[in-house]
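As provided, my_file-v5.txt (compact mmCIF, C-alpha atoms) reads as follows.
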```txt
# COMPACT_ATOMS: atom_id res chain seq x y z
CA MET G 20 -23.46 -11.87 1.17
CA SER G 21 -22.08 -11.75 -2.35
CA GLN G 22 -22.35 -9.26 -5.16
CA PRO G 23 -21.95 -10.18 -8.81
CA PRO G 24 -18.83 -8.74 -10.44
CA THR G 25 -19.24 -5.70 -12.68
CA PRO G 26 -17.13 -5.19 -15.82
CA ARG G 27 -14.51 -3.35 -13.76
CA THR G 28 -14.52 -5.47 -10.63
CA ARG G 29 -14.32 -8.80 -12.46
CA VAL G 30 -10.87 -10.29 -11.84
CA ARG G 31 -9.60 -11.10 -15.33
CA ARG G 32 -6.01 -12.04 -14.61
CA LEU G 33 -5.93 -15.32 -12.69
CA PRO G 34 -9.74 -15.26 -12.23
CA GLU G 35 -9.51 -18.20 -9.82
CA LEU G 36 -7.99 -15.77 -7.29
CA GLY G 37 -10.96 -13.39 -7.46
CA ALA G 38 -13.77 -13.17 -4.92
CA TYR G 39 -16.83 -10.96 -4.66
CA ASP G 40 -18.32 -12.01 -1.34
CA ARG G 41 -18.27 -9.81 1.70
CA ASP G 42 -16.97 -12.69 3.83
CA THR G 43 -13.73 -12.39 1.88
CA ILE G 44 -13.77 -8.63 1.31
CA ASP G 45 -14.60 -7.29 4.80
CA PRO G 46 -11.78 -8.98 6.78
CA ILE G 47 -9.22 -7.56 4.34
CA ILE G 48 -10.63 -4.04 4.75
CA ASP G 49 -10.74 -4.49 8.53
CA GLU G 50 -7.17 -5.80 8.88
CA ALA G 51 -5.52 -3.05 6.83
CA ILE G 52 -4.33 0.17 8.42
CA ILE G 53 -3.89 2.12 5.23
CA CYS G 54 -5.51 2.28 1.81
CA HIS G 55 -4.67 3.95 -1.48
CA LEU G 56 -7.28 6.28 -2.92
CA ALA G 57 -7.32 7.15 -6.63
CA TRP G 58 -9.37 9.85 -8.32
CA ILE G 59 -9.09 12.16 -11.29
CA GLY G 60 -7.44 15.52 -10.66
CA PRO G 61 -8.68 18.89 -11.91
CA ASP G 62 -6.25 18.58 -14.85
CA GLY G 63 -7.92 15.33 -15.92
CA ASP G 64 -4.96 13.18 -14.90
CA PRO G 65 -5.06 10.39 -12.30
CA ARG G 66 -4.10 10.98 -8.67
CA VAL G 67 -3.36 8.52 -5.89
CA ILE G 68 -2.60 9.00 -2.20
CA PRO G 69 -2.22 6.75 0.83
CA THR G 70 -4.69 7.47 3.59
CA ILE G 71 -6.51 5.73 6.43
CA HIS G 72 -9.93 4.18 6.30
CA THR G 73 -12.48 2.32 8.33
CA ARG G 74 -15.57 0.28 7.62
CA ILE G 75 -18.94 0.57 9.31
CA GLY G 76 -21.36 -2.00 7.95
CA ASP G 77 -21.70 -1.57 4.22
CA ALA G 78 -19.74 1.66 3.95
CA LEU G 79 -16.06 2.40 3.61
CA TYR G 80 -15.00 5.69 5.20
CA VAL G 81 -11.83 7.51 4.17
CA HIS G 82 -10.21 10.18 6.28
CA GLY G 83 -8.60 13.45 5.35
CA SER G 84 -8.01 16.99 6.37
CA ALA G 85 -10.75 19.45 5.42
CA ALA G 86 -7.90 21.53 3.99
CA SER G 87 -6.69 18.68 1.78
CA SER G 88 -7.04 19.32 -1.93
CA THR G 89 -7.81 15.62 -2.35
CA LEU G 90 -10.70 15.61 0.05
CA ARG G 91 -12.02 18.91 -1.25
CA GLY G 92 -11.77 17.49 -4.75
CA ILE G 93 -13.60 14.23 -4.14
CA LYS G 94 -16.21 14.94 -1.50
CA GLY G 95 -18.97 15.97 -3.89
CA GLY G 96 -19.88 12.61 -5.39
CA VAL G 97 -16.78 12.18 -7.52
CA PRO G 98 -15.83 8.66 -8.73
CA VAL G 99 -12.99 7.11 -6.78
CA ALA G 100 -11.18 3.79 -6.69
CA ILE G 101 -9.74 2.52 -3.42
CA ALA G 102 -7.21 -0.28 -3.06
CA ILE G 103 -6.56 -2.00 0.26
CA THR G 104 -3.59 -4.34 0.14
CA LEU G 105 -2.06 -6.71 2.69
CA ILE G 106 1.34 -8.24 1.94
CA ASP G 107 1.60 -11.83 3.19
CA GLY G 108 4.82 -13.06 1.67
CA ILE G 109 7.09 -13.67 -1.26
CA GLN G 110 6.66 -16.75 -3.47
CA PHE G 111 10.10 -17.80 -4.72
CA ALA G 112 9.77 -19.90 -7.85
CA ARG G 113 12.59 -21.63 -9.68
CA SER G 114 12.00 -19.37 -12.68
CA MET G 115 11.93 -15.59 -12.44
CA PHE G 116 8.70 -15.70 -14.42
CA GLU G 117 6.75 -17.64 -11.77
CA HIS G 118 7.84 -15.48 -8.84
CA SER G 119 4.91 -13.85 -7.13
CA MET G 120 3.74 -12.19 -3.97
CA SER G 121 1.34 -13.65 -1.45
CA TYR G 122 -1.19 -10.91 -0.88
CA ARG G 123 -4.78 -10.05 -0.20
CA THR G 124 -6.24 -7.03 -1.90
CA VAL G 125 -9.64 -5.37 -2.20
CA ILE G 126 -10.63 -2.75 -4.75
CA VAL G 127 -13.73 -0.66 -4.10
CA TYR G 128 -15.25 1.57 -6.77
CA GLY G 129 -17.83 4.20 -6.03
CA LYS G 130 -18.65 7.82 -5.50
CA ALA G 131 -17.36 9.58 -2.41
CA GLU G 132 -19.96 11.46 -0.40
CA GLU G 133 -18.95 13.76 2.43
CA VAL G 134 -20.16 12.77 5.89
CA THR G 135 -21.91 15.76 7.44
CA ASP G 136 -24.17 14.32 10.14
CA PRO G 137 -22.57 15.23 13.52
CA THR G 138 -23.50 11.93 15.19
CA GLU G 139 -22.16 9.88 12.27
CA LEU G 140 -18.97 11.96 12.34
CA GLN G 141 -18.37 11.12 16.01
CA THR G 142 -19.01 7.44 15.27
CA VAL G 143 -16.59 7.48 12.36
CA PHE G 144 -13.93 9.24 14.44
CA ASP G 145 -14.20 6.42 16.98
CA ALA G 146 -14.17 3.73 14.30
CA ILE G 147 -11.13 5.08 12.47
CA THR G 148 -9.24 5.38 15.76
CA ASP G 149 -10.07 1.75 16.55
CA GLN G 150 -9.24 0.64 12.99
CA VAL G 151 -5.58 1.36 13.69
CA ALA G 152 -5.55 0.20 17.32
CA PRO G 153 -8.77 -1.45 18.53
CA GLY G 154 -9.69 -0.10 21.96
CA ARG G 155 -7.97 3.25 21.57
CA SER G 156 -11.24 5.18 21.18
CA LYS G 157 -12.20 4.58 24.82
CA ASP G 158 -9.00 6.34 26.03
CA ALA G 159 -8.25 9.13 23.58
CA ARG G 160 -9.90 12.52 23.92
CA ARG G 161 -12.89 12.80 21.61
CA PRO G 162 -12.79 15.53 18.96
CA THR G 163 -14.15 19.00 19.63
CA ALA G 164 -16.55 20.63 17.22
CA ASP G 165 -13.64 22.66 15.90
CA GLU G 166 -11.53 19.56 15.29
CA ILE G 167 -14.43 17.87 13.55
CA GLY G 168 -14.71 20.96 11.37
CA GLN G 169 -11.06 20.56 10.38
CA THR G 170 -11.57 16.94 9.38
CA THR G 171 -13.32 15.53 6.36
CA PHE G 172 -14.63 12.01 6.09
CA VAL G 173 -16.02 10.67 2.88
CA LYS G 174 -18.11 7.54 2.58
CA ILE G 175 -18.20 5.07 -0.27
CA PRO G 176 -20.76 2.25 -0.34
CA ILE G 177 -19.18 -1.19 -0.55
CA SER G 178 -21.45 -2.16 -3.42
CA GLU G 179 -18.96 -2.53 -6.25
CA ALA G 180 -15.95 -4.32 -4.88
CA SER G 181 -13.71 -7.30 -5.50
CA ALA G 182 -11.03 -9.16 -3.64
CA LYS G 183 -8.00 -10.99 -4.98
CA VAL G 184 -6.10 -13.40 -2.77
CA SER G 185 -2.82 -15.08 -3.66
CA ALA G 186 -1.44 -17.63 -1.24
CA GLY G 187 0.39 -20.92 -1.21
CA PHE G 188 3.47 -22.09 -3.04
CA PRO G 189 4.71 -21.01 -6.46
CA GLU G 190 4.01 -23.35 -9.35
CA ASP G 191 6.93 -23.97 -11.62
CA ALA G 192 6.80 -25.59 -15.03
CA GLU G 193 7.56 -29.31 -15.05
CA ALA G 194 10.76 -28.66 -16.99
CA ASP G 195 12.09 -26.47 -14.15
CA MET G 196 11.50 -28.89 -11.28
CA ASP G 197 14.95 -30.40 -11.53
CA LEU G 198 16.83 -27.07 -11.33
CA ASP G 199 19.11 -26.54 -8.35
CA VAL G 200 17.16 -23.47 -7.28
CA TRP G 201 15.42 -23.03 -3.92
CA ALA G 202 11.64 -22.62 -4.13
CA GLY G 203 9.23 -21.76 -1.39
CA VAL G 204 7.46 -19.02 0.45
CA LEU G 205 8.85 -16.39 2.79
CA PRO G 206 5.96 -15.17 5.01
CA LEU G 207 5.92 -11.44 5.71
CA THR G 208 3.97 -9.75 8.49
CA LEU G 209 3.63 -6.20 9.76
CA VAL G 210 5.02 -6.52 13.27
CA ALA G 211 5.05 -4.05 16.17
CA GLY G 212 8.29 -3.18 17.93
CA GLU G 213 8.75 -1.77 21.42
CA PRO G 214 6.35 1.09 22.18
CA GLU G 215 8.14 4.42 22.62
CA PRO G 216 6.39 6.72 25.13
CA SER G 217 6.38 10.40 24.22
CA PRO G 218 9.22 12.26 25.99
CA ASP G 219 6.59 14.60 27.50
CA LEU G 220 4.32 11.79 28.74
CA LYS G 221 2.90 12.46 32.19
CA PRO G 222 4.53 10.12 34.76
CA GLY G 223 2.56 7.10 35.96
CA ILE G 224 0.66 6.34 32.76
CA ALA G 225 1.06 2.70 31.79
CA THR G 226 1.33 1.64 28.16
CA PRO G 227 -2.11 0.26 27.24
CA ASP G 228 -2.59 -3.37 26.21
CA TYR G 229 -3.78 -2.41 22.74
CA VAL G 230 -0.33 -0.88 22.21
CA THR G 231 1.87 -3.55 23.84
CA ASP G 232 -0.16 -6.40 22.32
CA TRP G 233 -0.77 -4.81 18.91
CA HIS G 234 -0.98 -7.38 16.16
CA ARG G 235 -2.80 -8.04 12.92
CA PRO G 236 -5.40 -9.24 12.35
CA ALA G 237 -6.70 -7.66 15.56
CA GLY G 238 -8.58 -9.75 18.08
CA MET R 3 19.65 15.98 -7.23
CA SER R 4 16.43 17.86 -6.61
CA GLN R 5 13.51 18.76 -8.84
CA PRO R 6 11.21 21.69 -8.15
CA PRO R 7 7.67 20.71 -7.19
CA THR R 8 4.97 21.01 -9.85
CA PRO R 9 1.40 22.06 -9.03
CA ARG R 10 0.45 18.42 -8.43
CA THR R 11 3.58 17.21 -6.66
CA ARG R 12 3.73 20.14 -4.23
CA VAL R 13 2.89 18.85 -0.75
CA ARG R 14 0.18 21.22 0.42
CA ARG R 15 -0.96 19.52 3.61
CA LEU R 16 1.82 19.74 6.18
CA PRO R 17 4.28 21.12 3.59
CA GLU R 18 7.14 20.75 6.08
CA LEU R 19 6.87 16.96 5.52
CA GLY R 20 7.35 17.27 1.77
CA ALA R 21 10.58 16.61 -0.11
CA TYR R 22 11.48 16.70 -3.78
CA ASP R 23 15.07 15.51 -3.78
CA ARG R 24 16.10 12.15 -5.14
CA ASP R 25 18.14 11.45 -1.99
CA THR R 26 14.81 11.23 -0.16
CA ILE R 27 12.72 9.75 -2.99
CA ASP R 28 14.96 6.93 -4.25
CA PRO R 29 15.48 5.03 -0.95
CA ILE R 30 11.70 4.90 -0.43
CA ILE R 31 11.16 3.48 -3.92
CA ASP R 32 14.01 1.02 -3.39
CA GLU R 33 12.81 -0.23 0.00
CA ALA R 34 9.21 -0.89 -1.02
CA ILE R 35 8.13 -4.24 -2.44
CA ILE R 36 4.79 -3.08 -3.81
CA CYS R 37 3.34 0.08 -5.28
CA HIS R 38 -0.16 1.25 -6.17
CA LEU R 39 -0.73 2.32 -9.76
CA ALA R 40 -3.63 4.60 -10.68
CA TRP R 41 -4.86 5.43 -14.16
CA ILE R 42 -8.11 6.30 -15.89
CA GLY R 43 -10.16 3.38 -17.17
CA PRO R 44 -11.85 3.16 -20.56
CA ASP R 45 -15.09 4.34 -18.92
CA GLY R 46 -13.38 7.54 -17.75
CA ASP R 47 -13.38 6.51 -14.09
CA PRO R 48 -10.28 6.07 -11.95
CA ARG R 49 -8.64 2.69 -11.46
CA VAL R 50 -6.02 1.55 -8.95
CA ILE R 51 -4.16 -1.74 -8.49
CA PRO R 52 -1.28 -2.97 -6.39
CA THR R 53 1.67 -4.22 -8.37
CA ILE R 54 5.44 -4.57 -8.12
CA HIS R 55 8.02 -2.12 -9.33
CA THR R 56 11.72 -1.49 -9.55
CA ARG R 57 13.95 1.48 -10.23
CA ILE R 58 16.87 1.67 -12.60
CA GLY R 59 18.53 5.07 -12.47
CA ASP R 60 15.97 7.73 -13.29
CA ALA R 61 13.18 5.40 -14.35
CA LEU R 62 10.51 3.57 -12.41
CA TYR R 63 9.45 0.26 -13.96
CA VAL R 64 6.12 -1.38 -13.22
CA HIS R 65 5.39 -5.00 -13.91
CA GLY R 66 2.32 -6.70 -15.25
CA SER R 67 1.04 -9.51 -17.36
CA ALA R 68 0.83 -8.82 -21.08
CA ALA R 69 -2.74 -10.12 -20.76
CA SER R 70 -3.60 -7.62 -18.02
CA SER R 71 -6.22 -5.06 -19.00
CA THR R 72 -4.34 -2.55 -16.86
CA LEU R 73 -1.07 -2.96 -18.65
CA ARG R 74 -2.73 -3.08 -22.04
CA GLY R 75 -4.58 0.09 -21.09
CA ILE R 76 -1.62 2.14 -19.94
CA LYS R 77 1.33 1.05 -22.03
CA GLY R 78 0.81 3.54 -24.85
CA GLY R 79 1.85 6.76 -23.13
CA VAL R 80 -1.16 7.10 -20.87
CA PRO R 81 -0.89 9.32 -17.74
CA VAL R 82 -0.49 7.35 -14.51
CA ALA R 83 0.08 8.13 -10.86
CA ILE R 84 2.07 5.72 -8.72
CA ALA R 85 2.16 5.70 -4.93
CA ILE R 86 4.84 3.85 -2.98
CA THR R 87 4.17 3.75 0.73
CA LEU R 88 6.11 2.38 3.69
CA ILE R 89 4.38 2.14 7.06
CA ASP R 90 6.74 2.90 9.95
CA GLY R 91 4.43 3.14 12.93
CA ILE R 92 1.43 4.54 14.70
CA GLN R 93 1.58 7.91 16.50
CA PHE R 94 -0.74 7.76 19.51
CA ALA R 95 -1.71 11.27 20.58
CA ARG R 96 -3.79 12.16 23.63
CA SER R 97 -6.52 13.48 21.35
CA MET R 98 -8.05 11.42 18.56
CA PHE R 99 -7.51 14.42 16.30
CA GLU R 100 -3.71 14.37 16.59
CA HIS R 101 -3.33 10.64 15.97
CA SER R 102 -1.25 9.93 12.91
CA MET R 103 0.80 7.32 11.15
CA SER R 104 4.56 7.33 10.77
CA TYR R 105 5.12 6.70 7.08
CA ARG R 106 7.25 7.42 4.08
CA THR R 107 5.51 7.82 0.75
CA VAL R 108 6.48 8.76 -2.79
CA ILE R 109 4.11 9.76 -5.58
CA VAL R 110 5.35 9.67 -9.16
CA TYR R 111 3.36 11.19 -12.02
CA GLY R 112 4.12 10.50 -15.64
CA LYS R 113 3.29 8.67 -18.80
CA ALA R 114 3.83 4.95 -18.97
CA GLU R 115 5.81 3.73 -21.95
CA GLU R 116 6.11 0.04 -22.74
CA VAL R 117 9.60 -1.43 -22.58
CA THR R 118 10.26 -3.27 -25.85
CA ASP R 119 14.05 -3.47 -26.13
CA PRO R 120 15.02 -7.13 -25.47
CA THR R 121 18.20 -6.26 -23.56
CA GLU R 122 16.40 -3.71 -21.38
CA LEU R 123 13.66 -6.29 -20.71
CA GLN R 124 16.21 -8.81 -19.43
CA THR R 125 17.79 -6.12 -17.23
CA VAL R 126 14.40 -5.12 -15.82
CA PHE R 127 13.48 -8.76 -15.14
CA ASP R 128 16.68 -9.07 -13.07
CA ALA R 129 16.07 -5.78 -11.29
CA ILE R 130 12.47 -6.52 -10.35
CA THR R 131 13.50 -9.94 -9.04
CA ASP R 132 16.20 -8.31 -6.91
CA GLN R 133 13.81 -5.54 -5.78
CA VAL R 134 11.85 -8.09 -3.78
CA ALA R 135 14.84 -10.17 -2.65
CA PRO R 136 18.26 -8.75 -3.54
CA GLY R 137 20.50 -11.50 -4.88
CA ARG R 138 17.69 -13.70 -6.19
CA SER R 139 18.40 -12.88 -9.85
CA LYS R 140 21.69 -14.78 -9.79
CA ASP R 141 19.89 -18.02 -8.82
CA ALA R 142 16.50 -18.02 -10.53
CA ARG R 143 16.11 -19.20 -14.08
CA ARG R 144 16.12 -16.26 -16.50
CA PRO R 145 13.00 -15.77 -18.61
CA THR R 146 12.63 -17.36 -22.01
CA ALA R 147 11.59 -15.32 -25.02
CA ASP R 148 8.10 -16.74 -24.62
CA GLU R 149 7.93 -15.71 -20.96
CA ILE R 150 9.17 -12.24 -21.84
CA GLY R 151 6.41 -12.07 -24.43
CA GLN R 152 3.85 -12.82 -21.74
CA THR R 153 5.15 -10.03 -19.52
CA THR R 154 4.73 -6.30 -19.90
CA PHE R 155 6.94 -3.73 -18.25
CA VAL R 156 6.16 -0.08 -18.46
CA LYS R 157 8.61 2.66 -17.62
CA ILE R 158 7.86 6.04 -16.10
CA PRO R 159 10.58 8.70 -15.78
CA ILE R 160 11.11 9.87 -12.20
CA SER R 161 10.91 13.48 -13.27
CA GLU R 162 7.72 14.58 -11.51
CA ALA R 163 7.77 13.10 -8.05
CA SER R 164 7.44 14.03 -4.42
CA ALA R 165 8.04 12.36 -1.08
CA LYS R 166 6.24 12.87 2.21
CA VAL R 167 7.78 11.61 5.42
CA SER R 168 6.08 11.59 8.80
CA ALA R 169 8.13 10.48 11.79
CA GLY R 170 8.62 11.28 15.43
CA PHE R 171 6.16 11.76 18.25
CA PRO R 172 2.63 13.13 18.06
CA GLU R 173 2.13 16.74 19.09
CA ASP R 174 -0.81 17.36 21.34
CA ALA R 175 -2.27 20.73 22.19
CA GLU R 176 -1.00 22.26 25.43
CA ALA R 177 -4.46 21.88 26.98
CA ASP R 178 -4.29 18.08 26.49
CA MET R 179 -0.89 17.48 28.06
CA ASP R 180 -2.31 16.82 31.50
CA LEU R 181 -4.79 14.14 30.36
CA ASP R 182 -4.33 10.63 31.74
CA VAL R 183 -3.89 9.22 28.25
CA TRP R 184 -0.82 7.36 27.00
CA ALA R 185 0.99 9.04 24.13
CA GLY R 186 3.84 7.72 22.06
CA VAL R 187 4.84 5.81 18.99
CA LEU R 188 4.43 2.14 18.18
CA PRO R 189 7.01 1.24 15.51
CA LEU R 190 5.80 -1.13 12.79
CA THR R 191 8.00 -3.12 10.44
CA LEU R 192 7.42 -5.67 7.73
CA VAL R 193 9.15 -8.73 9.16
CA ALA R 194 9.97 -12.10 7.59
CA GLY R 195 8.92 -15.31 9.28
CA GLU R 196 10.38 -18.78 8.82
CA PRO R 197 10.96 -19.66 5.16
CA GLU R 198 8.69 -22.50 3.98
CA PRO R 199 10.34 -24.69 1.32
CA SER R 200 8.02 -25.88 -1.45
CA PRO R 201 6.75 -29.40 -0.76
CA ASP R 202 8.18 -30.47 -4.13
CA LEU R 203 11.62 -28.92 -3.52
CA LYS R 204 14.46 -31.14 -4.73
CA PRO R 205 16.34 -32.58 -1.75
CA GLY R 206 19.67 -31.03 -0.78
CA ILE R 207 18.94 -27.42 -1.74
CA ALA R 208 19.74 -25.05 1.11
CA THR R 209 17.62 -21.99 1.79
CA PRO R 210 19.60 -19.04 0.39
CA ASP R 211 20.86 -16.24 2.64
CA TYR R 212 18.73 -13.64 0.88
CA VAL R 213 15.68 -15.62 2.07
CA THR R 214 16.77 -16.48 5.62
CA ASP R 215 18.22 -12.99 6.23
CA TRP R 216 15.52 -11.01 4.41
CA HIS R 217 14.95 -7.61 5.92
CA ARG R 218 14.09 -4.10 4.91
CA PRO R 219 15.75 -1.87 4.00
CA ALA R 220 17.93 -4.39 2.19
CA GLY R 221 21.70 -4.32 2.59
```

Starting from the file, give its structure as structure tokens.
Amino acid sequence: MSQPPTPRTRVRRLPELGAYDRDTIDPIIDEAIICHLAWIGPDGDPRVIPTIHTRIGDALYVHGSAASSTLRGIKGGVPVAIAITLIDGIQFARSMFEHSMSYRTVIVYGKAEEVTDPTELQTVFDAITDQVAPGRSKDARRPTADEIGQTTFVKIPISEASAKVSAGFPEDAEADMDLDVWAGVLPLTLVAGEPEPSPDLKPGIATPDYVTDWHRPAG
Amino acid sequence: MSQPPTPRTRVRRLPELGAYDRDTIDPIIDEAIICHLAWIGPDGDPRVIPTIHTRIGDALYVHGSAASSTLRGIKGGVPVAIAITLIDGIQFARSMFEHSMSYRTVIVYGKAEEVTDPTELQTVFDAITDQVAPGRSKDARRPTADEIGQTTFVKIPISEASAKVSAGFPEDAEADMDLDVWAGVLPLTLVAGEPEPSPDLKPGIATPDYVTDWHRPAG
């Protein structure tokens, strides 16, 4: 499934790195554990915050507290822009100019609509829990009606979105190839350390596999 | 050095996690290798992109191509919001509701001014190279005047900024403490893998220490 670029999703800089198909876009959204949400504040100036997200089918869901000024500000169909970025490495070129990052990023534009259907809210709660650690939703206590009331989810259709993927080795100018400067890629990955059980954890509860084996991409 | 919060930098949600002092803010900016920059597009809707940044004293510098529509759009004193986020872990609570991330984030608001002074541009080129891999600027070829002309740096004073830091263990409600659900923290870190020399690397060039020993925070 592909969607033609719009004037704002079209990748202008290094257009060969741009992609508009959901086969490229969805895995980036699904691998990330945070996103950055931008909107326009009540004073007319831009705002941006990190938050967590999940995807169900063709919709991106973003989480927040019902008491959050951000979520209160955007939930009524306000235009937002969401960036989801995965860092894959550093490209060391011989020249400073050709240095770059290896990354995968998706930008989604759209209007945020509050999720109000109780069944959809339960589904989204599960999905956002599993976004961060797939499998966790079957163990954790589901939200009460009161907790759902304290939480806001907004939903943005993934209908105006683009991906940009930079990978591989840096490309230096021919004139620089003979310099005595190391060139190459240093891969970077978000890696889990040793799980730390809560000091008040009930005795006899084993650390679940989705914690001990956590890795990205999941699966 | 501390700056009082403004209406938009004041951390309203979980205000006990908020900080406004440069001793908290600067190390977060300095450890991060990417930021997310938000501004308002020519159509009046919000925009957000990932990019790289560096800090010199009281100024945050953001990098872009001179051909970038973003950089062309913001360099003339346009209001921007910049988020710098470090992911430190996942807080697994017994309830879905109390799940959280461990993170450190800084938001800087301000107006982006283009850097035009040639000496300052050279200094910023060095600093942004060292932001990603400290020490790299002494090895990589410095930019030519033409390369500097193809690059835009904008500068935002770090005068309206806030940090938010979430760490430690999740806090479940008393009623949930007896559930048979694992609770704890899974630390997450951005980790370097094996350096991959460029296939066209000149023979006899050793991989530098700042590549083989790369870690965050640097130093």

CA of His72 in chain G and CA of Asp90 in chain R, how far apart in Å?
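Pair CA of Asp90 in chain R / CA of His72 in chain G returns 17.1 Å.
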
How close does each residue of chain G get to chain R, giving the shortest atom pair and distance in Å to one decimal for every residue with an atom at most 7 Å away, counting all atoms listed in the file, sorted by chain and residue number, as a tab-separated table?
```
residue	atom	partner	partner_atom	distance
G:Arg32	CA	R:Ser70	CA	6.1
G:Ala57	CA	R:Ala40	CA	6.0
G:Trp58	CA	R:Pro48	CA	5.3
G:Ile59	CA	R:Pro48	CA	6.2
G:Asp64	CA	R:Pro81	CA	6.3
G:Pro65	CA	R:Trp41	CA	5.3
G:Arg66	CA	R:Ala83	CA	5.5
G:Val67	CA	R:Ala83	CA	6.1
G:Ile68	CA	R:Ala85	CA	6.4
G:Ser87	CA	R:Arg15	CA	6.1
G:Pro98	CA	R:Asp47	CA	6.3
G:Val99	CA	R:Pro48	CA	5.9
G:Ala100	CA	R:Arg49	CA	5.5
G:Ile101	CA	R:Val50	CA	6.7
G:Ala102	CA	R:Val50	CA	6.3
G:Arg113	CA	R:Ala142	CA	5.4
G:Ser114	CA	R:Arg143	CA	4.3
G:Met115	CA	R:Ala142	CA	5.5
G:Phe116	CA	R:Pro145	CA	6.0
G:Thr148	CA	R:Met98	CA	6.8
G:Asp158	CA	R:Val183	CA	6.3
G:Ala159	CA	R:Ser97	CA	5.2
G:Arg160	CA	R:Ser97	CA	4.4
G:Arg161	CA	R:Met98	CA	5.9
G:Pro162	CA	R:Phe99	CA	6.0
G:Glu166	CA	R:Phe99	CA	6.6
G:Phe188	CA	R:Ser200	CA	6.1
G:Asp197	CA	R:Lys204	CA	6.9
G:Asp199	CA	R:Ile207	CA	6.7
G:Val200	CA	R:Asp141	CA	6.3
G:Trp201	CA	R:Ile207	CA	6.0
G:Ala202	CA	R:Ser200	CA	5.6
G:Gly203	CA	R:Pro199	CA	4.1
G:Val204	CA	R:Glu198	CA	5.1
G:Leu205	CA	R:Pro197	CA	4.6
G:Pro206	CA	R:Gly195	CA	5.2
G:Leu207	CA	R:Ala194	CA	4.5
G:Thr208	CA	R:Val193	CA	5.3
G:Leu209	CA	R:Leu192	CA	4.3
G:Val210	CA	R:Thr191	CA	5.3
G:Ala211	CA	R:Leu190	CA	4.5
G:Gly212	CA	R:Pro189	CA	5.2
G:Glu213	CA	R:Leu188	CA	6.7
G:Pro214	CA	R:Leu188	CA	4.6
G:Glu215	CA	R:Val187	CA	5.1
G:Pro216	CA	R:Gly186	CA	4.1
G:Ser217	CA	R:Gly186	CA	4.3
G:Leu220	CA	R:Ala185	CA	6.3
G:Lys221	CA	R:Asp180	CA	6.8
G:Ile224	CA	R:Trp184	CA	6.0
G:Ala225	CA	R:Trp184	CA	6.9
G:Thr226	CA	R:Trp184	CA	6.2
G:Val230	CA	R:Leu188	CA	6.9
```

Would you compute the distance between CA of Asp77 in chain G and CA of Ile177 in chain G? Give it in Å to one decimal.
5.4 Å

Here is a test: counting only C-alpha atoms, which residue of R:Ala34, R:Val156, R:Ala169, R:Ala163 is nearest to Thr8 in chain R?
R:Ala163

Length of the CA of Lys130 in chain G to CA of Ile158 in chain R vector [Å]:
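Computed distance, CA of Lys130 in chain G to CA of Ile158 in chain R, equals 28.6 Å.
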
Residue nearest Lys140 in chain R - candidates R:Arg57, R:Tyr212, R:Ser161, R:Lys77, atoms counted: all atoms listed in the file
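Smallest distance to Lys140 in chain R is found for R:Tyr212.
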
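Candidate residues G:Val81, G:Ile75, G:Ala164, G:Ala194 were compared for distance to Thr142 in chain G, and the nearest is G:Ile75, using all atoms listed in the file.
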
Using only C-alpha atoms, determine which residues lie at most 12 Å from Asp136 in chain G, disregarding the query and same-chain residues fewer than 3 positions distant; provide the list as a list in words.
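Here the answer would be Glu132, Glu133, Glu139, Leu140, Gln141, Thr142, Val143, Ile167, Gly168, Thr171, Phe172, Val173 and Lys174 of chain G.
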